[in-house]
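Asks: So that we are looking at the same thing, I have put the structure below in C-alpha cells.
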Amino acid sequence: MALLEMQGITKIYNQGKIEVPALRGVDLTVEAGEFTTIFGPSGSGKTTLLNMIGCLDKPTAGRITFDGQELRELDKKALAMVRRYHVGFVFQSYNLIPVLTAYENVEFAIRLVNKYHKKEIRDRVLQILDAVGLAGLAGRKPNELSGGQKQRVAIARALVKEPKLILADEPSANLDSKTSEEVLQVMLKMNQELGTTFIFSTHDPRVMEYARRLIEIRDGLISKDQRRESEDVSD
C-alpha cells in the first residue's frame, strides 16, 4: 500500500530575479514499511525532497499524496497537524531540549499529540526509552549523554507518538562508526517490529548498507532507484 505518492514535483526558489530549480519533476512512490535512503551530492535536491515529504515546504508544481490525502490542498495549519501526528524527525544535530531530561524530551513529543492519558504517557515513554537501549538513563539531561545516546533519545522522541513515517536527515553524521552501527540497528529493529516507514537522507555508505531501497538524486531528478533483497541488507 502506498504511503506517499509524488507526481511531477517541481520546486523553484527565487533569488532576486533569478529562478533556481531545486527539483525538476520528481515522481516517487513509497510503500508503507519501507526502509529507504535518498542520497546524492550536495545541491542535488535531496534536502528539498525531504522537506516536501515532511510537509515542511510546498512544491511549485506537482502533486503529493500522503496516506491518501492531497497535501497541496492543505494550509499551513493543516500541514502542521500532519507533521505533528504522522511524521517523526531525526536530525543529525539531535535537536534535544537541553534543560529537559531524556524522559522529558520524549514526553514533550507525545504530549503534543494529545491522545494519551497521563499513565499511558509515562508507560509509553519508559517503554520506548527501553526499546532504544536507554533503560536507566531517563533522568539524564543531554549534556550527560554521549552522542549515540542523544541520537537514541531523538529516535525515541520520533517514535513515541507512533508516526506513519520517520524522516532521518544525516542521522549518523556526528557519530563514530560503532555508535552509528548501533543506532542504525535500533532503527531497523523499530522498522521491522512496528512497521514504521523510514526515509533517510545521507552521504554515509554505512546508512546505505542498511537500506532496502536506494534512491539517488542528481540535479533535481531521480537518477537511480534500486530495490534490494532483504538478505543483501546488513543484519
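In the C-alpha cells, chains take the letters A, B, ... in the order shown, each chain's residues start at 1, and ligands count up from 1 in the order shown.
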Near Gly62 of chain A, counting only C-alpha atoms, which residues have an atom at most 6 Å away, once you skip same-chain residues fewer than 5 positions from it, shown as a ChimeraX atom specification?

Replies: /A:7-9

Asks: Quick one: everything within 10 Å of Lys189 of chain A, counting only C-alpha atoms, minus sequence neighbours fewer than 6 positions away in the same chain. Send it as a VMD selection string.

Replies: chain A and resid 131 to 132 183 195 to 196 235

Asks: Would you mind listing what lies within 12 Å of Val207 of chain A as a PyMOL selection string, with only C-alpha atoms counted and same-chain residues fewer than 2 positions away left out?

Replies: chain A and resi 35-39+168-173+175+177+180-185+187-188+198-205+209-214+233-234

Asks: A:Ala109, A:Thr101, A:Ala2, A:Glu34: which is nearest Gln69 of chain A, counting only C-alpha atoms?

Replies: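 So, comparing all the options, the nearest one is A:Ala2.
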
Asks: Write out as number ranges by chain the residues lying within 10 Å of Leu134 of chain A, counting only C-alpha atoms and excluding same-chain residues fewer than 2 positions away.

Replies: A: 102-103, 126-132, 136-138, 149-150, 152-153, 156

Asks: Okay, now the selection with N, CA and C atoms, as a PDB file, in the first residue's frame?

Replies:
ATOM      1  N   ALA A 102      16.117  13.111  29.351  1.00  0.00           N
ATOM      2  CA  ALA A 102      15.766  12.222  28.234  1.00  0.00           C
ATOM      3  C   ALA A 102      14.274  11.897  28.288  1.00  0.00           C
ATOM      4  N   TYR A 103      13.793  11.561  29.473  1.00  0.00           N
ATOM      5  CA  TYR A 103      12.363  11.259  29.640  1.00  0.00           C
ATOM      6  C   TYR A 103      11.513  12.449  29.207  1.00  0.00           C
ATOM      7  N   LEU A 126       8.608   5.353  28.922  1.00  0.00           N
ATOM      8  CA  LEU A 126       9.573   4.416  29.505  1.00  0.00           C
ATOM      9  C   LEU A 126       9.770   3.199  28.600  1.00  0.00           C
ATOM     10  N   GLN A 127       8.697   2.759  27.977  1.00  0.00           N
ATOM     11  CA  GLN A 127       8.783   1.601  27.080  1.00  0.00           C
ATOM     12  C   GLN A 127       9.653   1.910  25.872  1.00  0.00           C
ATOM     13  N   ILE A 128       9.478   3.080  25.281  1.00  0.00           N
ATOM     14  CA  ILE A 128      10.245   3.404  24.080  1.00  0.00           C
ATOM     15  C   ILE A 128      11.698   3.695  24.425  1.00  0.00           C
ATOM     16  N   LEU A 129      11.963   4.297  25.585  1.00  0.00           N
ATOM     17  CA  LEU A 129      13.347   4.504  26.011  1.00  0.00           C
ATOM     18  C   LEU A 129      14.047   3.172  26.222  1.00  0.00           C
ATOM     19  N   ASP A 130      13.334   2.227  26.781  1.00  0.00           N
ATOM     20  CA  ASP A 130      13.894   0.887  26.968  1.00  0.00           C
ATOM     21  C   ASP A 130      14.147   0.225  25.603  1.00  0.00           C
ATOM     22  N   ALA A 131      13.223   0.414  24.671  1.00  0.00           N
ATOM     23  CA  ALA A 131      13.338  -0.224  23.358  1.00  0.00           C
ATOM     24  C   ALA A 131      14.544   0.282  22.581  1.00  0.00           C
ATOM     25  N   VAL A 132      14.931   1.542  22.795  1.00  0.00           N
ATOM     26  CA  VAL A 132      16.092   2.078  22.076  1.00  0.00           C
ATOM     27  C   VAL A 132      17.377   1.957  22.892  1.00  0.00           C
ATOM     28  N   GLY A 136      17.257   3.137  32.325  1.00  0.00           N
ATOM     29  CA  GLY A 136      18.116   3.621  33.398  1.00  0.00           C
ATOM     30  C   GLY A 136      18.704   4.991  33.150  1.00  0.00           C
ATOM     31  N   LEU A 137      18.513   5.551  31.958  1.00  0.00           N
ATOM     32  CA  LEU A 137      19.080   6.859  31.628  1.00  0.00           C
ATOM     33  C   LEU A 137      18.010   7.935  31.456  1.00  0.00           C
ATOM     34  N   ALA A 138      16.785   7.624  31.837  1.00  0.00           N
ATOM     35  CA  ALA A 138      15.668   8.543  31.613  1.00  0.00           C
ATOM     36  C   ALA A 138      15.861   9.883  32.313  1.00  0.00           C
ATOM     37  N   GLN A 149      23.841   8.171  22.574  1.00  0.00           N
ATOM     38  CA  GLN A 149      22.687   8.179  23.477  1.00  0.00           C
ATOM     39  C   GLN A 149      21.732   9.328  23.137  1.00  0.00           C
ATOM     40  N   LYS A 150      22.287  10.473  22.766  1.00  0.00           N
ATOM     41  CA  LYS A 150      21.442  11.599  22.350  1.00  0.00           C
ATOM     42  C   LYS A 150      20.627  11.219  21.109  1.00  0.00           C
ATOM     43  N   ARG A 152      19.728   8.275  20.238  1.00  0.00           N
ATOM     44  CA  ARG A 152      18.707   7.311  20.652  1.00  0.00           C
ATOM     45  C   ARG A 152      17.513   8.031  21.275  1.00  0.00           C
ATOM     46  N   VAL A 153      17.781   9.087  22.052  1.00  0.00           N
ATOM     47  CA  VAL A 153      16.674   9.892  22.596  1.00  0.00           C
ATOM     48  C   VAL A 153      15.882  10.514  21.446  1.00  0.00           C
ATOM     49  N   ALA A 156      13.730   7.882  19.961  1.00  0.00           N
ATOM     50  CA  ALA A 156      12.605   7.605  20.860  1.00  0.00           C
ATOM     51  C   ALA A 156      11.563   8.711  20.766  1.00  0.00           C
TER      52      ALA A 156
END

Asks: Could you name the residues that touch His86 of chain A at 12 Å or less, counting only C-alpha atoms, but leaving out those on the same chain fewer than 3 positions away, as a list in words?

Replies: Leu3, Ile53, Gly54, Cys55, Phe66, Asp67, Gln69, Ala78, Leu79, Ala80, Met81, Val82, Arg83, Phe89, Ile110, Leu112, Val113, Ala158, Leu159, Val160, Lys161, Glu162, Pro163, Lys164, Leu165, Ile166, Leu167, Thr196 and Thr197 of chain A

Asks: Which is closer to Ser44 of chain A than all the others in A:Asn14, A:Ile217, A:Ile121, A:Met1, using only C-alpha atoms?

Replies: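 Closest to Ser44 of chain A of all the choices is A:Ile217.
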
Asks: Quick one: pull the distance between atom CA of Pro59 of chain A and atom CA of Gly25 of chain A, Å, one decimal.

Replies: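 So the answer is 10.0 Å.
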